[in-house]
Amino acid sequence: MTSEEEKTVCVTGASGYFASWIIKLLLLCGYTVKASVRNPSLFIFNEHLLALEGAKERLQLFKANLLEEGSFDSVIDGCQGVFHTASPFYHDVKDPQAELLDPAVKEQSMF
């Protein structure tokens with residue numbers, strides 16, 4: 001394993017509040033961060049990440065779908081660790097168990 005791989009980690013749900021702080025601290029500590037977001041091309045949701053100190057050199061955004069098996073394979077590849085903060089969330093939920101809780105539990109088995 002190269003020294004670069006030893007300092008590479010993955011953060012899921014990167015545009016979220018907790019993940020954003022985790023990424024900020026990891027970048028400040030010199031880590032390379034492979035971050036998963038719903039859509040890397042939507043600048044409005046990711047601009048705060050791209051503005052972080054060290055982001056230009058050591059932050060990579062990846063599109064990943066929590067409910068799609070194999071979606072995180074390329075993101076996690078080469079990482080020493082994973083900070084898994086992502087979880088499905090929708091505002092207009094009819095059945096919280098089926099639409100939020102069950103998918104959140106299912107996604108854990110993907111890691």
# chains A, B, ... in the order shown; residues from 1 in each chain; ligands from 1
>>> residues_around(residues="A:His84", least_positions_apart="2", cutoff="9 Å", atoms="only C-alpha atoms", output="list in words")
Cys10, Val11, Thr12, Gly13, Ala19, Val82, Ala86, Ser87, Gln108 and Phe111 of chain A
>>> write_last_selection(atoms="C-alpha atoms", output="short mmCIF file (atom, residue, chain, number, x, y, z; two decimals), in the first residue's frame")
data_model
loop_
_atom_site.label_atom_id
_atom_site.label_comp_id
_atom_site.auth_asym_id
_atom_site.auth_seq_id
_atom_site.Cartn_x
_atom_site.Cartn_y
_atom_site.Cartn_z
CA CYS A 10 -14.21 7.90 1.90
CA VAL A 11 -17.05 10.03 3.27
CA THR A 12 -20.60 9.18 2.21
CA GLY A 13 -23.37 11.75 2.18
CA ALA A 19 -20.13 14.91 6.62
CA VAL A 82 -15.04 4.99 5.44
CA ALA A 86 -25.40 9.06 4.17
CA SER A 87 -28.98 7.96 4.62
CA GLN A 108 -25.59 -0.88 5.67
CA PHE A 111 -20.44 -1.80 3.11
#
>>> residues_around(residues="stretch 52-62 of chain A", least_positions_apart="3", cutoff="9 Å", atoms="only C-alpha atoms", output="list in words")
Thr8, Ala14, Ile23, Lys24, Leu27, Leu28, Gly30, Tyr31, Thr32, Val33, Lys34, Ala35, Ser36, Val37, Arg38, Asn39, Pro40, Asn46, Glu47, His48, Leu49, Phe72, Ser74 and Val75 of chain A
>>> write_last_selection(atoms="C-alpha atoms", output="CSV table (one decimal), in the first residue's frame")
chain,number,residue,atom,x,y,z
A,8,THR,CA,-7.2,8.3,1.6
A,14,ALA,CA,-20.7,14.4,1.7
A,23,ILE,CA,-14.4,16.4,5.4
A,24,LYS,CA,-13.2,19.8,6.6
A,27,LEU,CA,-8.6,17.9,4.7
A,28,LEU,CA,-7.0,20.0,7.4
A,30,GLY,CA,-3.8,16.2,5.2
A,31,TYR,CA,-6.1,13.4,4.1
A,32,THR,CA,-7.3,12.8,0.6
A,33,VAL,CA,-11.1,12.5,0.7
A,34,LYS,CA,-13.2,10.6,-1.8
A,35,ALA,CA,-16.7,11.9,-1.1
A,36,SER,CA,-20.0,10.6,-2.4
A,37,VAL,CA,-22.8,12.9,-3.2
A,38,ARG,CA,-26.1,12.5,-5.1
A,39,ASN,CA,-25.0,14.6,-8.0
A,40,PRO,CA,-21.4,16.0,-8.3
A,46,ASN,CA,-21.5,21.0,-3.3
A,47,GLU,CA,-19.9,24.5,-3.5
A,48,HIS,CA,-19.3,24.6,0.3
A,49,LEU,CA,-17.2,21.5,-0.1
A,72,PHE,CA,-19.8,2.7,-3.9
A,74,SER,CA,-15.1,2.9,-7.1
A,75,VAL,CA,-15.4,5.4,-4.2
>>> atom_distance(atom1="atom CA of A:Asp73", atom2="atom CA of A:Ser15")
19.2 Å
>>> select_by_dssp(residues="chain A", states="helix (DSSP H, G or I)", output="number ranges by chain")
A: 3-6, 17-28, 43-50, 55-58, 73-76, 96-108
>>> write_last_selection(atoms="N, CA and C atoms", output="short mmCIF file (atom, residue, chain, number, x, y, z; two decimals), in the first residue's frame")
data_model
loop_
_atom_site.label_atom_id
_atom_site.label_comp_id
_atom_site.auth_asym_id
_atom_site.auth_seq_id
_atom_site.Cartn_x
_atom_site.Cartn_y
_atom_site.Cartn_z
N SER A 3 1.90 5.31 0.46
CA SER A 3 1.61 6.28 1.53
C SER A 3 0.40 7.14 1.18
N GLU A 4 0.15 7.36 -0.12
CA GLU A 4 -1.03 8.12 -0.53
C GLU A 4 -2.31 7.37 -0.19
N GLU A 5 -2.32 6.06 -0.41
CA GLU A 5 -3.49 5.25 -0.07
C GLU A 5 -3.73 5.21 1.43
N GLU A 6 -2.66 5.28 2.22
CA GLU A 6 -2.79 5.26 3.67
C GLU A 6 -3.48 6.50 4.19
N TYR A 17 -24.59 17.99 6.67
CA TYR A 17 -23.98 18.81 7.73
C TYR A 17 -22.81 18.09 8.41
N PHE A 18 -23.05 16.91 8.95
CA PHE A 18 -21.99 16.20 9.67
C PHE A 18 -20.84 15.82 8.74
N ALA A 19 -21.17 15.31 7.57
CA ALA A 19 -20.13 14.91 6.62
C ALA A 19 -19.28 16.10 6.20
N SER A 20 -19.89 17.25 6.03
CA SER A 20 -19.13 18.45 5.64
C SER A 20 -18.07 18.79 6.67
N TRP A 21 -18.44 18.69 7.94
CA TRP A 21 -17.47 18.96 9.01
C TRP A 21 -16.39 17.89 9.06
N ILE A 22 -16.77 16.65 8.87
CA ILE A 22 -15.78 15.57 8.85
C ILE A 22 -14.78 15.81 7.72
N ILE A 23 -15.29 16.16 6.55
CA ILE A 23 -14.42 16.42 5.39
C ILE A 23 -13.49 17.59 5.67
N LYS A 24 -14.02 18.65 6.24
CA LYS A 24 -13.19 19.81 6.57
C LYS A 24 -12.02 19.41 7.47
N LEU A 25 -12.32 18.65 8.52
CA LEU A 25 -11.27 18.23 9.45
C LEU A 25 -10.27 17.27 8.79
N LEU A 26 -10.76 16.36 7.98
CA LEU A 26 -9.86 15.42 7.29
C LEU A 26 -8.92 16.16 6.34
N LEU A 27 -9.45 17.11 5.59
CA LEU A 27 -8.60 17.89 4.68
C LEU A 27 -7.55 18.68 5.46
N LEU A 28 -7.95 19.27 6.58
CA LEU A 28 -7.01 20.03 7.41
C LEU A 28 -5.91 19.14 7.98
N PHE A 43 -23.59 22.18 -8.55
CA PHE A 43 -22.67 23.04 -7.82
C PHE A 43 -23.30 23.62 -6.56
N ILE A 44 -24.57 23.99 -6.62
CA ILE A 44 -25.22 24.64 -5.49
C ILE A 44 -25.21 23.77 -4.23
N PHE A 45 -25.22 22.45 -4.38
CA PHE A 45 -25.21 21.55 -3.23
C PHE A 45 -23.81 21.16 -2.78
N ASN A 46 -22.81 21.44 -3.61
CA ASN A 46 -21.45 21.00 -3.32
C ASN A 46 -20.44 22.13 -3.21
N GLU A 47 -20.85 23.36 -3.48
CA GLU A 47 -19.88 24.46 -3.51
C GLU A 47 -19.19 24.68 -2.17
N HIS A 48 -19.89 24.43 -1.06
CA HIS A 48 -19.27 24.61 0.25
C HIS A 48 -18.12 23.62 0.46
N LEU A 49 -18.23 22.45 -0.15
CA LEU A 49 -17.15 21.46 -0.06
C LEU A 49 -15.96 21.88 -0.91
N LEU A 50 -16.25 22.35 -2.10
CA LEU A 50 -15.18 22.74 -3.02
C LEU A 50 -14.42 23.97 -2.54
N ALA A 55 -9.32 21.38 -0.59
CA ALA A 55 -10.26 20.66 -1.46
C ALA A 55 -9.76 20.57 -2.89
N LYS A 56 -9.17 21.63 -3.37
CA LYS A 56 -8.71 21.63 -4.76
C LYS A 56 -7.70 20.52 -5.01
N GLU A 57 -6.86 20.27 -4.03
CA GLU A 57 -5.81 19.27 -4.19
C GLU A 57 -6.23 17.86 -3.76
N ARG A 58 -7.11 17.76 -2.74
CA ARG A 58 -7.33 16.45 -2.13
C ARG A 58 -8.78 16.04 -1.93
N ASP A 73 -18.38 1.02 -5.02
CA ASP A 73 -17.14 0.27 -5.23
C ASP A 73 -15.98 1.17 -5.64
N SER A 74 -16.19 2.04 -6.61
CA SER A 74 -15.09 2.90 -7.09
C SER A 74 -14.74 3.98 -6.08
N VAL A 75 -15.70 4.36 -5.25
CA VAL A 75 -15.45 5.39 -4.24
C VAL A 75 -14.58 4.82 -3.12
N ILE A 76 -14.90 3.62 -2.69
CA ILE A 76 -14.20 3.01 -1.55
C ILE A 76 -12.85 2.42 -1.95
N PRO A 96 -42.94 6.10 6.55
CA PRO A 96 -41.57 6.27 7.03
C PRO A 96 -40.78 4.96 7.15
N GLN A 97 -41.44 3.91 7.58
CA GLN A 97 -40.75 2.62 7.72
C GLN A 97 -40.22 2.14 6.37
N ALA A 98 -41.08 2.13 5.37
CA ALA A 98 -40.72 1.60 4.05
C ALA A 98 -39.83 2.56 3.26
N GLU A 99 -40.02 3.86 3.43
CA GLU A 99 -39.31 4.83 2.60
C GLU A 99 -38.02 5.36 3.22
N LEU A 100 -37.89 5.30 4.55
CA LEU A 100 -36.69 5.82 5.20
C LEU A 100 -35.92 4.75 5.98
N LEU A 101 -36.60 4.07 6.89
CA LEU A 101 -35.90 3.14 7.77
C LEU A 101 -35.43 1.88 7.06
N ASP A 102 -36.29 1.23 6.32
CA ASP A 102 -35.89 0.00 5.63
C ASP A 102 -34.72 0.23 4.67
N PRO A 103 -34.77 1.28 3.82
CA PRO A 103 -33.62 1.53 2.94
C PRO A 103 -32.33 1.85 3.71
N ALA A 104 -32.44 2.54 4.84
CA ALA A 104 -31.25 2.87 5.64
C ALA A 104 -30.61 1.60 6.19
N VAL A 105 -31.43 0.67 6.65
CA VAL A 105 -30.91 -0.59 7.16
C VAL A 105 -30.32 -1.42 6.03
N LYS A 106 -30.99 -1.46 4.89
CA LYS A 106 -30.51 -2.24 3.74
C LYS A 106 -29.16 -1.73 3.25
N GLU A 107 -28.98 -0.42 3.23
CA GLU A 107 -27.73 0.14 2.70
C GLU A 107 -26.53 -0.26 3.53
N GLN A 108 -26.72 -0.52 4.82
CA GLN A 108 -25.59 -0.88 5.67
C GLN A 108 -24.92 -2.17 5.20
#
>>> select_by_dssp(residues="chain A", states="strand (DSSP E)", output="list in words")
Thr8, Val9, Cys10, Val11, Thr12, Thr32, Val33, Lys34, Ala35, Ser36, Val37, Leu59, Gln60, Leu61, Phe62, Lys63, Gly81, Val82, Phe83 and His84 of chain A
>>> write_last_selection(atoms="C-alpha atoms", output="PDB file, in the first residue's frame")
ATOM      1  CA  THR A   8      -7.168   8.320   1.630  1.00  0.00           C
ATOM      2  CA  VAL A   9     -10.625   7.947   3.143  1.00  0.00           C
ATOM      3  CA  CYS A  10     -14.208   7.902   1.898  1.00  0.00           C
ATOM      4  CA  VAL A  11     -17.046  10.030   3.271  1.00  0.00           C
ATOM      5  CA  THR A  12     -20.597   9.179   2.208  1.00  0.00           C
ATOM      6  CA  THR A  32      -7.296  12.807   0.554  1.00  0.00           C
ATOM      7  CA  VAL A  33     -11.082  12.510   0.669  1.00  0.00           C
ATOM      8  CA  LYS A  34     -13.198  10.573  -1.804  1.00  0.00           C
ATOM      9  CA  ALA A  35     -16.670  11.942  -1.142  1.00  0.00           C
ATOM     10  CA  SER A  36     -19.979  10.551  -2.354  1.00  0.00           C
ATOM     11  CA  VAL A  37     -22.814  12.912  -3.243  1.00  0.00           C
ATOM     12  CA  LEU A  59     -11.125  16.277  -2.507  1.00  0.00           C
ATOM     13  CA  GLN A  60     -12.772  14.104  -5.149  1.00  0.00           C
ATOM     14  CA  LEU A  61     -16.558  14.033  -5.556  1.00  0.00           C
ATOM     15  CA  PHE A  62     -18.255  10.852  -6.764  1.00  0.00           C
ATOM     16  CA  LYS A  63     -21.861  10.103  -7.647  1.00  0.00           C
ATOM     17  CA  GLY A  81     -11.441   3.969   6.036  1.00  0.00           C
ATOM     18  CA  VAL A  82     -15.044   4.987   5.439  1.00  0.00           C
ATOM     19  CA  PHE A  83     -17.094   7.598   7.286  1.00  0.00           C
ATOM     20  CA  HIS A  84     -20.627   6.516   6.443  1.00  0.00           C
TER      21      HIS A  84
END
>>> atom_distance(atom1="atom CA of A:Leu42", atom2="atom CA of A:Asp77")
23.8 Å
>>> atom_distance(atom1="atom CA of A:Lys7", atom2="atom CA of A:Cys29")
9.5 Å
>>> decode(residues="chain A", atoms="C-alpha atoms", output="compact mmCIF listing (two decimals), in the first residue's frame")
# COMPACT_ATOMS: atom_id res chain seq x y z
CA MET A 1 0.00 0.00 0.00
CA THR A 2 1.38 3.41 -0.95
CA SER A 3 1.61 6.28 1.53
CA GLU A 4 -1.03 8.12 -0.53
CA GLU A 5 -3.49 5.25 -0.07
CA GLU A 6 -2.79 5.26 3.67
CA LYS A 7 -4.12 8.81 3.86
CA THR A 8 -7.17 8.32 1.63
CA VAL A 9 -10.63 7.95 3.14
CA CYS A 10 -14.21 7.90 1.90
CA VAL A 11 -17.05 10.03 3.27
CA THR A 12 -20.60 9.18 2.21
CA GLY A 13 -23.37 11.75 2.18
CA ALA A 14 -20.71 14.41 1.73
CA SER A 15 -23.00 17.40 1.22
CA GLY A 16 -24.71 16.82 4.58
CA TYR A 17 -23.98 18.81 7.73
CA PHE A 18 -21.99 16.20 9.67
CA ALA A 19 -20.13 14.91 6.62
CA SER A 20 -19.13 18.45 5.64
CA TRP A 21 -17.47 18.96 9.01
CA ILE A 22 -15.78 15.57 8.85
CA ILE A 23 -14.42 16.42 5.39
CA LYS A 24 -13.19 19.81 6.57
CA LEU A 25 -11.27 18.23 9.45
CA LEU A 26 -9.86 15.42 7.29
CA LEU A 27 -8.60 17.89 4.68
CA LEU A 28 -7.01 20.03 7.41
CA CYS A 29 -5.23 16.89 8.66
CA GLY A 30 -3.83 16.20 5.19
CA TYR A 31 -6.12 13.38 4.10
CA THR A 32 -7.30 12.81 0.55
CA VAL A 33 -11.08 12.51 0.67
CA LYS A 34 -13.20 10.57 -1.80
CA ALA A 35 -16.67 11.94 -1.14
CA SER A 36 -19.98 10.55 -2.35
CA VAL A 37 -22.81 12.91 -3.24
CA ARG A 38 -26.10 12.48 -5.09
CA ASN A 39 -24.97 14.60 -8.03
CA PRO A 40 -21.43 16.04 -8.27
CA SER A 41 -22.45 18.39 -11.09
CA LEU A 42 -25.00 20.27 -8.95
CA PHE A 43 -22.67 23.04 -7.82
CA ILE A 44 -25.22 24.64 -5.49
CA PHE A 45 -25.21 21.55 -3.23
CA ASN A 46 -21.45 21.00 -3.32
CA GLU A 47 -19.88 24.46 -3.51
CA HIS A 48 -19.27 24.61 0.25
CA LEU A 49 -17.15 21.46 -0.06
CA LEU A 50 -15.18 22.74 -3.02
CA ALA A 51 -14.39 25.94 -1.09
CA LEU A 52 -12.74 24.08 1.80
CA GLU A 53 -9.02 24.48 2.40
CA GLY A 54 -7.22 21.64 0.63
CA ALA A 55 -10.26 20.66 -1.46
CA LYS A 56 -8.71 21.63 -4.76
CA GLU A 57 -5.81 19.27 -4.19
CA ARG A 58 -7.33 16.45 -2.13
CA LEU A 59 -11.13 16.28 -2.51
CA GLN A 60 -12.77 14.10 -5.15
CA LEU A 61 -16.56 14.03 -5.56
CA PHE A 62 -18.26 10.85 -6.76
CA LYS A 63 -21.86 10.10 -7.65
CA ALA A 64 -23.19 7.15 -5.67
CA ASN A 65 -26.66 5.77 -5.04
CA LEU A 66 -27.21 4.28 -1.60
CA LEU A 67 -29.70 1.75 -2.88
CA GLU A 68 -27.72 0.60 -5.92
CA GLU A 69 -25.44 -2.32 -5.18
CA GLY A 70 -21.89 -1.71 -6.37
CA SER A 71 -22.43 2.04 -6.57
CA PHE A 72 -19.77 2.70 -3.93
CA ASP A 73 -17.14 0.27 -5.23
CA SER A 74 -15.09 2.90 -7.09
CA VAL A 75 -15.45 5.39 -4.24
CA ILE A 76 -14.20 3.01 -1.55
CA ASP A 77 -11.45 1.46 -3.69
CA GLY A 78 -8.05 2.43 -2.29
CA CYS A 79 -9.42 3.92 0.93
CA GLN A 80 -8.12 3.15 4.40
CA GLY A 81 -11.44 3.97 6.04
CA VAL A 82 -15.04 4.99 5.44
CA PHE A 83 -17.09 7.60 7.29
CA HIS A 84 -20.63 6.52 6.44
CA THR A 85 -23.03 9.40 7.12
CA ALA A 86 -25.40 9.06 4.17
CA SER A 87 -28.98 7.96 4.62
CA PRO A 88 -32.07 8.24 2.43
CA PHE A 89 -34.15 11.31 3.25
CA TYR A 90 -37.26 12.72 1.65
CA HIS A 91 -39.63 15.44 2.85
CA ASP A 92 -42.93 14.07 1.58
CA VAL A 93 -42.97 10.60 3.13
CA LYS A 94 -46.14 8.52 3.26
CA ASP A 95 -44.66 5.42 4.91
CA PRO A 96 -41.57 6.27 7.03
CA GLN A 97 -40.75 2.62 7.72
CA ALA A 98 -40.72 1.60 4.05
CA GLU A 99 -39.31 4.83 2.60
CA LEU A 100 -36.69 5.82 5.20
CA LEU A 101 -35.90 3.14 7.77
CA ASP A 102 -35.89 0.00 5.63
CA PRO A 103 -33.62 1.53 2.94
CA ALA A 104 -31.25 2.87 5.64
CA VAL A 105 -30.91 -0.59 7.16
CA LYS A 106 -30.51 -2.24 3.74
CA GLU A 107 -27.73 0.14 2.70
CA GLN A 108 -25.59 -0.88 5.67
CA SER A 109 -25.13 -4.33 4.15
CA MET A 110 -23.51 -2.74 1.09
CA PHE A 111 -20.44 -1.80 3.11
